[in-house]
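Structure file my_file.cif; described as mmCIF, C-alpha atoms.
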```cif
data_input
#
loop_
_atom_site.group_PDB
_atom_site.id
_atom_site.type_symbol
_atom_site.label_atom_id
_atom_site.label_comp_id
_atom_site.auth_asym_id
_atom_site.auth_seq_id
_atom_site.Cartn_x
_atom_site.Cartn_y
_atom_site.Cartn_z
ATOM 1 C CA MET A 1 0.000 0.000 0.000
ATOM 2 C CA SER A 2 1.525 3.302 -1.088
ATOM 3 C CA HIS A 3 -0.786 5.373 1.095
ATOM 4 C CA GLY A 4 -3.868 5.140 3.244
ATOM 5 C CA GLN A 5 -6.697 6.150 0.915
ATOM 6 C CA TRP A 6 -9.904 4.417 1.933
ATOM 7 C CA TYR A 7 -11.228 2.571 -1.097
ATOM 8 C CA PRO A 8 -14.209 0.164 -0.905
ATOM 9 C CA PRO A 9 -14.009 -2.910 -3.189
ATOM 10 C CA GLU A 10 -17.653 -2.466 -4.245
ATOM 11 C CA TRP A 11 -17.018 0.898 -5.904
ATOM 12 C CA PRO A 12 -16.206 -0.440 -9.436
ATOM 13 C CA ASP A 13 -19.503 -2.326 -9.675
ATOM 14 C CA ARG A 14 -21.451 0.677 -8.396
ATOM 15 C CA ILE A 15 -19.684 2.984 -10.866
ATOM 16 C CA ARG A 16 -20.626 0.656 -13.737
ATOM 17 C CA ALA A 17 -24.232 0.556 -12.541
ATOM 18 C CA LEU A 18 -24.326 4.365 -12.429
ATOM 19 C CA ALA A 19 -22.846 4.632 -15.934
ATOM 20 C CA SER A 20 -25.412 2.176 -17.345
ATOM 21 C CA GLY A 21 -28.340 3.919 -15.715
ATOM 22 C CA GLU A 22 -29.097 1.006 -13.386
ATOM 23 C CA LEU A 23 -28.192 3.090 -10.338
ATOM 24 C CA VAL A 24 -30.114 6.251 -9.443
ATOM 25 C CA PRO A 25 -27.996 8.618 -7.327
ATOM 26 C CA ALA A 26 -29.262 9.249 -3.818
ATOM 27 C CA THR A 27 -29.871 12.851 -2.783
ATOM 28 C CA PRO A 28 -27.020 14.003 -0.532
ATOM 29 C CA LYS A 29 -27.863 14.996 3.026
ATOM 30 C CA ARG A 30 -26.331 18.184 4.384
ATOM 31 C CA ALA A 31 -23.645 17.664 6.990
ATOM 32 C CA ALA A 32 -20.865 19.510 8.783
ATOM 33 C CA THR A 33 -17.523 18.553 10.290
ATOM 34 C CA VAL A 34 -14.985 20.551 12.301
ATOM 35 C CA LEU A 35 -11.199 20.491 12.337
ATOM 36 C CA LEU A 36 -10.513 21.381 15.987
ATOM 37 C CA LEU A 37 -7.104 23.008 16.322
ATOM 38 C CA SER A 38 -4.668 23.536 19.168
ATOM 39 C CA ASP A 39 -1.285 25.223 19.426
ATOM 40 C CA GLY A 40 0.179 22.268 21.289
ATOM 41 C CA THR A 41 -1.257 22.891 24.720
ATOM 42 C CA THR A 42 -3.212 19.628 24.824
ATOM 43 C CA SER A 43 -0.593 17.190 23.561
ATOM 44 C CA ASP A 44 3.123 16.682 23.199
ATOM 45 C CA GLN A 45 3.027 18.565 19.892
ATOM 46 C CA ASP A 46 5.127 21.729 19.789
ATOM 47 C CA GLY A 47 3.162 23.426 17.005
ATOM 48 C CA LEU A 48 -0.240 23.275 15.408
ATOM 49 C CA SER A 49 -2.243 20.121 16.173
ATOM 50 C CA VAL A 50 -5.569 18.871 14.863
ATOM 51 C CA HIS A 51 -8.028 16.610 16.670
ATOM 52 C CA MET A 52 -8.885 13.403 14.796
ATOM 53 C CA LEU A 53 -10.933 10.331 15.609
ATOM 54 C CA ARG A 54 -10.677 6.827 14.194
ATOM 55 C CA ARG A 55 -13.924 5.259 13.078
ATOM 56 C CA ARG A 56 -14.580 1.808 14.507
ATOM 57 C CA ALA A 57 -13.568 -1.004 12.169
ATOM 58 C CA SER A 58 -17.100 -2.384 12.467
ATOM 59 C CA MET A 59 -18.620 0.737 10.878
ATOM 60 C CA ALA A 60 -20.257 0.032 7.513
ATOM 61 C CA PHE A 61 -18.915 3.270 6.067
ATOM 62 C CA ALA A 62 -15.173 4.066 6.231
ATOM 63 C CA GLY A 63 -14.482 1.674 9.094
ATOM 64 C CA GLY A 64 -10.978 2.201 10.494
ATOM 65 C CA ALA A 65 -10.558 5.562 8.757
ATOM 66 C CA TYR A 66 -9.439 8.702 10.554
ATOM 67 C CA ALA A 67 -11.819 11.665 10.376
ATOM 68 C CA TYR A 68 -12.979 14.754 12.275
ATOM 69 C CA PRO A 69 -15.984 15.220 14.581
ATOM 70 C CA GLY A 70 -19.105 15.820 12.542
ATOM 71 C CA GLY A 71 -22.399 14.524 11.254
ATOM 72 C CA GLY A 72 -25.655 15.267 9.486
ATOM 73 C CA VAL A 73 -27.893 18.285 9.925
ATOM 74 C CA ASP A 74 -30.764 17.813 12.375
ATOM 75 C CA PRO A 75 -34.167 19.152 11.178
ATOM 76 C CA ARG A 76 -34.236 21.434 14.228
ATOM 77 C CA ASP A 77 -30.843 23.012 13.506
ATOM 78 C CA ASP A 78 -32.576 25.816 11.576
ATOM 79 C CA ASP A 79 -34.793 26.693 14.563
ATOM 80 C CA SER A 80 -35.265 30.473 14.555
ATOM 81 C CA LEU A 81 -34.900 30.506 18.355
ATOM 82 C CA VAL A 82 -31.195 29.573 18.222
ATOM 83 C CA ARG A 83 -29.223 32.240 20.087
ATOM 84 C CA TRP A 84 -26.648 33.543 17.615
ATOM 85 C CA ALA A 85 -23.410 35.531 17.720
ATOM 86 C CA GLY A 86 -20.947 36.345 14.952
ATOM 87 C CA PRO A 87 -21.531 36.910 11.222
ATOM 88 C CA GLY A 88 -25.186 37.163 10.210
ATOM 89 C CA LEU A 89 -26.979 34.463 8.266
ATOM 90 C CA PRO A 90 -26.808 36.317 4.907
ATOM 91 C CA GLU A 91 -23.010 36.408 5.227
ATOM 92 C CA TRP A 92 -22.859 32.726 6.153
ATOM 93 C CA ALA A 93 -25.224 31.754 3.331
ATOM 94 C CA GLU A 94 -22.988 33.521 0.824
ATOM 95 C CA ARG A 95 -19.813 31.975 2.212
ATOM 96 C CA LEU A 96 -21.295 28.470 2.253
ATOM 97 C CA GLY A 97 -22.618 28.760 -1.306
ATOM 98 C CA LEU A 98 -26.258 28.557 -0.232
ATOM 99 C CA GLY A 99 -27.532 31.678 -1.964
ATOM 100 C CA ASP A 100 -30.396 33.228 -0.028
ATOM 101 C CA ASP A 101 -31.305 30.078 1.906
ATOM 102 C CA LEU A 102 -30.698 31.486 5.384
ATOM 103 C CA GLY A 103 -32.313 28.522 7.108
ATOM 104 C CA ALA A 104 -29.909 26.118 5.419
ATOM 105 C CA ALA A 105 -26.952 28.310 6.380
ATOM 106 C CA GLN A 106 -28.019 28.339 10.013
ATOM 107 C CA ALA A 107 -28.602 24.589 9.990
ATOM 108 C CA VAL A 108 -25.124 23.844 8.626
ATOM 109 C CA VAL A 109 -23.374 26.109 11.154
ATOM 110 C CA CYS A 110 -25.515 24.754 14.010
ATOM 111 C CA ALA A 111 -24.730 21.197 12.936
ATOM 112 C CA ALA A 112 -21.008 22.005 13.068
ATOM 113 C CA VAL A 113 -21.249 23.328 16.629
ATOM 114 C CA ARG A 114 -23.692 20.676 17.845
ATOM 115 C CA GLU A 115 -21.815 17.714 16.376
ATOM 116 C CA THR A 116 -18.523 18.961 17.832
ATOM 117 C CA PHE A 117 -20.127 18.937 21.273
ATOM 118 C CA GLU A 118 -21.781 15.570 20.689
ATOM 119 C CA GLU A 119 -18.641 13.804 19.432
ATOM 120 C CA ALA A 120 -15.783 15.659 21.137
ATOM 121 C CA GLY A 121 -17.345 17.307 24.180
ATOM 122 C CA VAL A 122 -16.254 20.752 22.949
ATOM 123 C CA LEU A 123 -18.836 23.552 22.826
ATOM 124 C CA LEU A 124 -18.385 26.718 20.746
ATOM 125 C CA ALA A 125 -20.871 28.768 22.736
ATOM 126 C CA GLY A 126 -20.828 31.155 25.669
ATOM 127 C CA PRO A 127 -22.983 33.193 28.063
ATOM 128 C CA THR A 128 -22.399 36.332 25.980
ATOM 129 C CA GLU A 129 -21.385 37.192 22.433
ATOM 130 C CA ASP A 130 -17.721 37.544 23.414
ATOM 131 C CA THR A 131 -17.275 34.709 25.917
ATOM 132 C CA VAL A 132 -16.996 30.917 25.704
ATOM 133 C CA VAL A 133 -17.879 28.295 28.300
ATOM 134 C CA GLY A 134 -14.729 27.082 30.025
ATOM 135 C CA ASP A 135 -15.764 23.611 31.162
ATOM 136 C CA THR A 136 -18.205 21.138 29.634
ATOM 137 C CA THR A 137 -17.544 18.199 31.920
ATOM 138 C CA GLY A 138 -19.795 16.837 34.648
ATOM 139 C CA ALA A 139 -22.926 14.722 34.879
ATOM 140 C CA ASP A 140 -25.302 17.546 33.896
ATOM 141 C CA TRP A 141 -23.364 18.343 30.721
ATOM 142 C CA GLU A 142 -23.158 14.662 29.850
ATOM 143 C CA ALA A 143 -26.925 14.264 30.296
ATOM 144 C CA ASP A 144 -27.528 17.131 27.873
ATOM 145 C CA ARG A 145 -24.999 15.765 25.401
ATOM 146 C CA GLN A 146 -26.662 12.358 25.394
ATOM 147 C CA ALA A 147 -30.088 13.958 24.980
ATOM 148 C CA LEU A 148 -28.786 15.835 21.928
ATOM 149 C CA VAL A 149 -27.312 12.645 20.455
ATOM 150 C CA ALA A 150 -30.620 10.819 20.987
ATOM 151 C CA ARG A 151 -32.459 13.775 19.371
ATOM 152 C CA GLU A 152 -34.529 14.091 22.539
ATOM 153 C CA LEU A 153 -33.314 17.677 22.848
ATOM 154 C CA GLY A 154 -32.997 20.284 20.118
ATOM 155 C CA PHE A 155 -29.919 22.495 19.972
ATOM 156 C CA ALA A 156 -31.926 25.717 20.328
ATOM 157 C CA ALA A 157 -33.611 24.383 23.484
ATOM 158 C CA PHE A 158 -30.231 23.251 24.836
ATOM 159 C CA LEU A 159 -28.697 26.706 24.370
ATOM 160 C CA ASP A 160 -31.747 28.468 25.776
ATOM 161 C CA ARG A 161 -31.884 26.257 28.848
ATOM 162 C CA ARG A 162 -28.265 27.050 29.647
ATOM 163 C CA GLY A 163 -28.454 30.695 28.658
ATOM 164 C CA LEU A 164 -25.812 30.271 25.945
ATOM 165 C CA VAL A 165 -25.141 31.949 22.615
ATOM 166 C CA LEU A 166 -23.787 30.037 19.610
ATOM 167 C CA ARG A 167 -20.429 31.599 18.646
ATOM 168 C CA SER A 168 -20.444 31.317 14.856
ATOM 169 C CA ASP A 169 -17.496 33.738 14.762
ATOM 170 C CA LEU A 170 -15.289 30.982 16.203
ATOM 171 C CA LEU A 171 -15.750 28.962 13.008
ATOM 172 C CA GLY A 172 -14.042 29.374 9.659
ATOM 173 C CA ALA A 173 -15.445 27.685 6.542
ATOM 174 C CA TRP A 174 -12.626 25.607 5.022
ATOM 175 C CA ALA A 175 -13.925 23.278 2.281
ATOM 176 C CA ARG A 176 -16.978 21.519 0.861
ATOM 177 C CA TRP A 177 -17.094 17.959 -0.435
ATOM 178 C CA ILE A 178 -20.024 15.958 -1.792
ATOM 179 C CA THR A 179 -20.113 12.163 -1.585
ATOM 180 C CA PRO A 180 -19.800 10.535 -5.054
ATOM 181 C CA GLU A 181 -23.046 9.782 -6.898
ATOM 182 C CA PHE A 182 -22.409 6.035 -6.804
ATOM 183 C CA GLU A 183 -22.382 5.859 -2.982
ATOM 184 C CA PRO A 184 -25.633 4.628 -1.394
ATOM 185 C CA ARG A 185 -25.338 7.121 1.492
ATOM 186 C CA ARG A 186 -24.410 10.578 0.319
ATOM 187 C CA TYR A 187 -23.520 13.769 2.176
ATOM 188 C CA ASP A 188 -22.978 17.368 1.142
ATOM 189 C CA THR A 189 -20.423 18.213 3.814
ATOM 190 C CA TRP A 190 -19.029 21.560 4.852
ATOM 191 C CA PHE A 191 -15.651 21.448 6.605
ATOM 192 C CA PHE A 192 -14.960 24.108 9.240
ATOM 193 C CA VAL A 193 -11.922 25.027 11.325
ATOM 194 C CA ALA A 194 -12.035 26.180 14.957
ATOM 195 C CA ALA A 195 -9.563 26.661 17.808
ATOM 196 C CA LEU A 196 -10.070 24.610 20.971
ATOM 197 C CA PRO A 197 -11.535 27.095 23.501
ATOM 198 C CA ALA A 198 -9.439 27.839 26.577
ATOM 199 C CA GLY A 199 -10.420 25.656 29.529
ATOM 200 C CA GLN A 200 -12.083 22.987 27.406
ATOM 201 C CA ARG A 201 -10.651 19.623 26.441
ATOM 202 C CA THR A 202 -11.608 17.006 23.904
ATOM 203 C CA ARG A 203 -12.691 13.490 24.727
ATOM 204 C CA ASN A 204 -13.933 10.530 22.741
ATOM 205 C CA ALA A 205 -17.666 10.978 23.171
ATOM 206 C CA SER A 206 -18.594 9.299 19.897
ATOM 207 C CA THR A 207 -19.962 5.775 19.758
ATOM 208 C CA GLU A 208 -18.597 5.586 16.204
ATOM 209 C CA ALA A 209 -14.936 6.071 17.182
ATOM 210 C CA ASP A 210 -12.516 3.790 19.022
ATOM 211 C CA ARG A 211 -9.617 6.253 19.262
ATOM 212 C CA THR A 212 -8.934 9.986 19.249
ATOM 213 C CA VAL A 213 -5.624 11.789 18.793
ATOM 214 C CA TRP A 214 -4.111 15.246 18.696
ATOM 215 C CA ILE A 215 -1.605 15.185 15.875
ATOM 216 C CA SER A 216 0.251 17.713 13.737
ATOM 217 C CA PRO A 217 -1.026 17.994 10.154
ATOM 218 C CA ALA A 218 2.440 17.043 8.867
ATOM 219 C CA GLN A 219 2.603 13.898 11.017
ATOM 220 C CA ALA A 220 -0.918 12.847 10.054
ATOM 221 C CA ALA A 221 -0.215 13.377 6.348
ATOM 222 C CA ALA A 222 3.044 11.422 6.641
ATOM 223 C CA GLY A 223 1.174 8.573 8.323
ATOM 224 C CA TYR A 224 -1.307 8.560 5.454
ATOM 225 C CA ASP A 225 1.481 8.602 2.851
ATOM 226 C CA ARG A 226 3.118 5.583 4.549
ATOM 227 C CA GLY A 227 -0.201 3.721 4.541
ATOM 228 C CA GLU A 228 -0.397 3.730 8.345
ATOM 229 C CA LEU A 229 -3.385 6.086 8.740
ATOM 230 C CA LEU A 230 -6.456 5.351 6.648
ATOM 231 C CA MET A 231 -8.350 8.429 5.398
ATOM 232 C CA MET A 232 -10.959 9.386 2.845
ATOM 233 C CA PRO A 233 -9.993 11.963 0.163
ATOM 234 C CA PRO A 234 -11.742 14.924 1.878
ATOM 235 C CA THR A 235 -9.925 14.219 5.146
ATOM 236 C CA ILE A 236 -6.392 14.043 3.782
ATOM 237 C CA SER A 237 -7.065 16.951 1.410
ATOM 238 C CA THR A 238 -8.215 19.309 4.179
ATOM 239 C CA LEU A 239 -5.368 18.067 6.357
ATOM 240 C CA ARG A 240 -2.760 18.906 3.725
ATOM 241 C CA ARG A 241 -4.180 22.408 3.423
ATOM 242 C CA LEU A 242 -3.395 22.984 7.112
ATOM 243 C CA GLN A 243 0.313 22.249 6.730
ATOM 244 C CA PRO A 244 1.516 25.750 5.749
ATOM 245 C CA TYR A 245 0.048 27.251 8.938
ATOM 246 C CA ARG A 246 1.874 27.472 12.271
ATOM 247 C CA THR A 247 -0.948 28.375 14.665
ATOM 248 C CA ALA A 248 -4.703 28.012 15.010
ATOM 249 C CA ALA A 249 -5.042 31.795 14.704
ATOM 250 C CA GLU A 250 -3.209 31.695 11.359
ATOM 251 C CA VAL A 251 -5.554 28.978 10.109
ATOM 252 C CA LEU A 252 -8.650 30.955 11.080
ATOM 253 C CA ALA A 253 -7.212 34.072 9.481
ATOM 254 C CA GLY A 254 -6.648 32.092 6.302
ATOM 255 C CA ALA A 255 -10.122 30.539 6.214
ATOM 256 C CA PRO A 256 -11.850 33.335 4.208
ATOM 257 C CA ALA A 257 -9.436 32.735 1.326
ATOM 258 C CA GLN A 258 -10.196 29.007 1.067
ATOM 259 C CA ASP A 259 -12.041 27.802 -2.036
ATOM 260 C CA MET A 260 -15.529 26.604 -1.114
ATOM 261 C CA THR A 261 -16.387 25.215 -4.558
ATOM 262 C CA PRO A 262 -17.982 21.783 -3.946
ATOM 263 C CA VAL A 263 -15.728 18.841 -4.794
ATOM 264 C CA LEU A 264 -17.611 15.923 -6.379
ATOM 265 C CA ALA A 265 -15.966 12.749 -7.662
ATOM 266 C CA ARG A 266 -16.358 11.944 -11.356
ATOM 267 C CA ALA A 267 -16.368 8.450 -12.856
ATOM 268 C CA ARG A 268 -16.002 7.767 -16.588
ATOM 269 C CA LEU A 269 -14.894 5.057 -19.025
ATOM 270 C CA VAL A 270 -11.518 5.855 -20.602
ATOM 271 C CA GLY A 271 -9.779 3.441 -23.001
ATOM 272 C CA GLY A 272 -11.201 0.282 -21.480
ATOM 273 C CA GLU A 273 -10.678 1.504 -17.905
ATOM 274 C CA LEU A 274 -12.900 3.149 -15.342
ATOM 275 C CA GLU A 275 -11.341 6.433 -14.274
ATOM 276 C CA LEU A 276 -12.357 7.773 -10.876
ATOM 277 C CA SER A 277 -11.236 11.313 -10.165
ATOM 278 C CA TRP A 278 -11.879 14.261 -7.874
ATOM 279 C CA PRO A 279 -11.560 17.481 -9.930
ATOM 280 C CA GLY A 280 -8.674 19.578 -8.656
ATOM 281 C CA HIS A 281 -7.269 16.710 -6.596
ATOM 282 C CA ASP A 282 -5.166 14.590 -8.926
ATOM 283 C CA GLU A 283 -3.592 12.493 -6.157
ATOM 284 C CA PHE A 284 -6.865 10.603 -5.715
ATOM 285 C CA THR A 285 -7.336 9.584 -9.360
ATOM 286 C CA LYS A 286 -7.788 5.840 -9.858
ATOM 287 C CA HIS A 287 -7.813 3.662 -12.967
ATOM 288 C CA ILE A 288 -9.813 0.456 -12.638
ATOM 289 C CA PRO A 289 -9.895 -2.302 -15.313
ATOM 290 C CA ALA A 290 -13.370 -2.093 -16.818
ATOM 291 C CA ALA A 291 -13.756 -5.860 -17.015
ATOM 292 C CA SER A 292 -12.890 -6.433 -13.380
ATOM 293 C CA GLY A 293 -15.586 -7.124 -10.843
ATOM 294 C CA GLN A 294 -13.211 -6.252 -8.026
ATOM 295 C CA ALA A 295 -10.420 -3.723 -7.846
ATOM 296 C CA ASP A 296 -7.063 -3.902 -6.192
ATOM 297 C CA PRO A 297 -7.155 -1.062 -3.650
ATOM 298 C CA ALA A 298 -3.409 -0.634 -4.112
ATOM 299 C CA GLY A 299 -3.589 -0.504 -7.887
ATOM 300 C CA GLY A 300 -3.867 2.312 -10.376
ATOM 301 C CA THR A 301 -2.404 5.620 -9.284
ATOM 302 C CA ARG A 302 -2.964 5.034 -5.608
#
```
Target format structure tokens, applied to this file:
Amino acid sequence: MSHGQWYPPEWPDRIRALASGELVPATPKRAATVLLLSDGTTSDQDGLSVHMLRRRASMAFAGGAYAYPGGGVDPRDDDSLVRWAGPGLPEWAERLGLGDDLGAAQAVVCAAVRETFEEAGVLLAGPTEDTVVGDTTGADWEADRQALVARELGFAAFLDRRGLVLRSDLLGAWARWITPEFEPRRYDTWFFVAALPAGQRTRNASTEADRTVWISPAQAAAGYDRGELLMMPPTISTLRRLQPYRTAAEVLAGAPAQDMTPVLARARLVGGELELSWPGHDEFTKHIPAASGQADPAGGTR
């Protein structure tokens, strides 16, 4: 294995089915994920570190792959009662490529903040527009977190009950990737960056992960290149884009300049081979023998 790109063996057959019209693409569900950043205060890293979790090997989708905290939008994430601080919804809608759909913009940002709390125990919210909660541990916080995970509690009600304001200004939009059309479960995912708030600490609160790490972007990318850390294309791509930055503040300052054009994989038949590519990301291109029912994950340009 030349690197750790996650590549399911059923993809070639699904690509052929899509090309022949036998497979109707599923509509992607909106989702959000957050690259939590630290300047080395929570690990033995000297410089910039990013928080990653490893999906359980038993997971049907991307089992064993490293990823970031995140998940799908909850129908209540666009609740108009959500207490809000930071850029207004028109500004977020424009940045996220959602036109004038302010409800969708709020839902995506809320999902980013909510999922980070659900999966990492980190909450980007505070009592006022310029403060952040300093501690999210304890039985009462855990009860609320579990209620959010179970969808017994909406995020707006959670914030209101605790007198908190969502700090959208602590997030920077970083990238947007859409699951390929041949995947049965598809997501339109916005990737955000955020600094770990002072006084808070991450923990593995996700039932989908068996390990969490703080790791420098360079070390994580090197682990992927050696085939030691399994990642999906969006994960390693966003990770590589962190490497030029030295601090979390630099990353957040650089977020407005990041290209938010959606990245969607393309599959086509080229000279007797199936070519799978992600426009603008040549390192992920794969060539699969068209007559093969299975593909060698280490073959092609992997």
For a quick check of your reading of the model, name the residues lying within 12 Å of the coordinate (-7.1, 28.8, -1.6), counting all atoms listed in the file, and write them as an mmCIF file with C-alpha atoms, in the frame of the given file.
```
data_model
loop_
_atom_site.group_PDB
_atom_site.id
_atom_site.type_symbol
_atom_site.label_atom_id
_atom_site.label_comp_id
_atom_site.auth_asym_id
_atom_site.auth_seq_id
_atom_site.Cartn_x
_atom_site.Cartn_y
_atom_site.Cartn_z
ATOM 1 C CA ALA A 173 -15.445 27.685 6.542
ATOM 2 C CA TRP A 174 -12.626 25.607 5.022
ATOM 3 C CA ALA A 175 -13.925 23.278 2.281
ATOM 4 C CA THR A 238 -8.215 19.309 4.179
ATOM 5 C CA ARG A 241 -4.180 22.408 3.423
ATOM 6 C CA LEU A 242 -3.395 22.984 7.112
ATOM 7 C CA PRO A 244 1.516 25.750 5.749
ATOM 8 C CA VAL A 251 -5.554 28.978 10.109
ATOM 9 C CA GLY A 254 -6.648 32.092 6.302
ATOM 10 C CA ALA A 255 -10.122 30.539 6.214
ATOM 11 C CA PRO A 256 -11.850 33.335 4.208
ATOM 12 C CA ALA A 257 -9.436 32.735 1.326
ATOM 13 C CA GLN A 258 -10.196 29.007 1.067
ATOM 14 C CA ASP A 259 -12.041 27.802 -2.036
ATOM 15 C CA MET A 260 -15.529 26.604 -1.114
ATOM 16 C CA THR A 261 -16.387 25.215 -4.558
ATOM 17 C CA GLY A 280 -8.674 19.578 -8.656
#
```
Exercise. Taking into account all atoms listed in the file, which residue in the set A:Ala147, A:Val270, A:Val122, A:Val82 is nearest to Gly134 in chain A?
Worked result: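 Among the listed residues, the smallest separation from Gly134 in chain A belongs to A:Val122.
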Problem set entry | the PyMOL selection byres ((chain A and resi 108) around 8) resolved against shown file, as a list in words | Arg30, Ala31, Ala32, Val73, Asp77, Ala104, Ala105, Gln106, Ala107, Val109, Cys110, Ala111, Ala112 and Trp190 of chain A
Exercise. If you count only C-alpha atoms, which residues fall within 12 Å of Val165 in chain A, apart from same-chain ones fewer than 2 positions away, as a count of residues only?
Worked result: 32
For this session: Identify all residues satisfying the PyMOL selection byres ((chain A and resi 194) around 8) in the given file; provide them as a list of chain:residue names.
Result: A:Val34, A:Leu35, A:Leu36, A:Leu37, A:Leu170, A:Leu171, A:Gly172, A:Phe192, A:Val193, A:Ala195, A:Leu196, A:Ala248, A:Leu252
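Taking CA of Met231 in chain A and CA of Gly64 in chain A as endpoints, the distance between them is 8.5 Å.
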Problem set entry | Non-local contacts of Thr212 in chain A (9 Å; all atoms listed in the file; under 5 positions in same chain excluded) as number ranges by chain | A: 51-54, 66, 202-204
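Proximity to Glu119 in chain A was assessed for A:Arg211, A:Gly88, A:Ser49, A:Gly99 counting only C-alpha atoms; the smallest distance is recorded for A:Arg211.
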Exercise. Can you list, as a ChimeraX atom specification, every protein, DNA or RNA residue that comes within 12 Å of range 17-22 of chain A when you count only C-alpha atoms, leaving out same-chain residues fewer than 2 positions away?
Worked result: /A:10-15,24-26,180-184,266-269,274-275,290,293
What does the file look like for those residues with C-alpha atoms, as a short mmCIF file (atom, residue, chain, number, x, y, z; two decimals), in the frame of the given file?
```cif
data_model
loop_
_atom_site.label_atom_id
_atom_site.label_comp_id
_atom_site.auth_asym_id
_atom_site.auth_seq_id
_atom_site.Cartn_x
_atom_site.Cartn_y
_atom_site.Cartn_z
CA GLU A 10 -17.65 -2.47 -4.24
CA TRP A 11 -17.02 0.90 -5.90
CA PRO A 12 -16.21 -0.44 -9.44
CA ASP A 13 -19.50 -2.33 -9.68
CA ARG A 14 -21.45 0.68 -8.40
CA ILE A 15 -19.68 2.98 -10.87
CA VAL A 24 -30.11 6.25 -9.44
CA PRO A 25 -28.00 8.62 -7.33
CA ALA A 26 -29.26 9.25 -3.82
CA PRO A 180 -19.80 10.54 -5.05
CA GLU A 181 -23.05 9.78 -6.90
CA PHE A 182 -22.41 6.04 -6.80
CA GLU A 183 -22.38 5.86 -2.98
CA PRO A 184 -25.63 4.63 -1.39
CA ARG A 266 -16.36 11.94 -11.36
CA ALA A 267 -16.37 8.45 -12.86
CA ARG A 268 -16.00 7.77 -16.59
CA LEU A 269 -14.89 5.06 -19.02
CA LEU A 274 -12.90 3.15 -15.34
CA GLU A 275 -11.34 6.43 -14.27
CA ALA A 290 -13.37 -2.09 -16.82
CA GLY A 293 -15.59 -7.12 -10.84
#
```
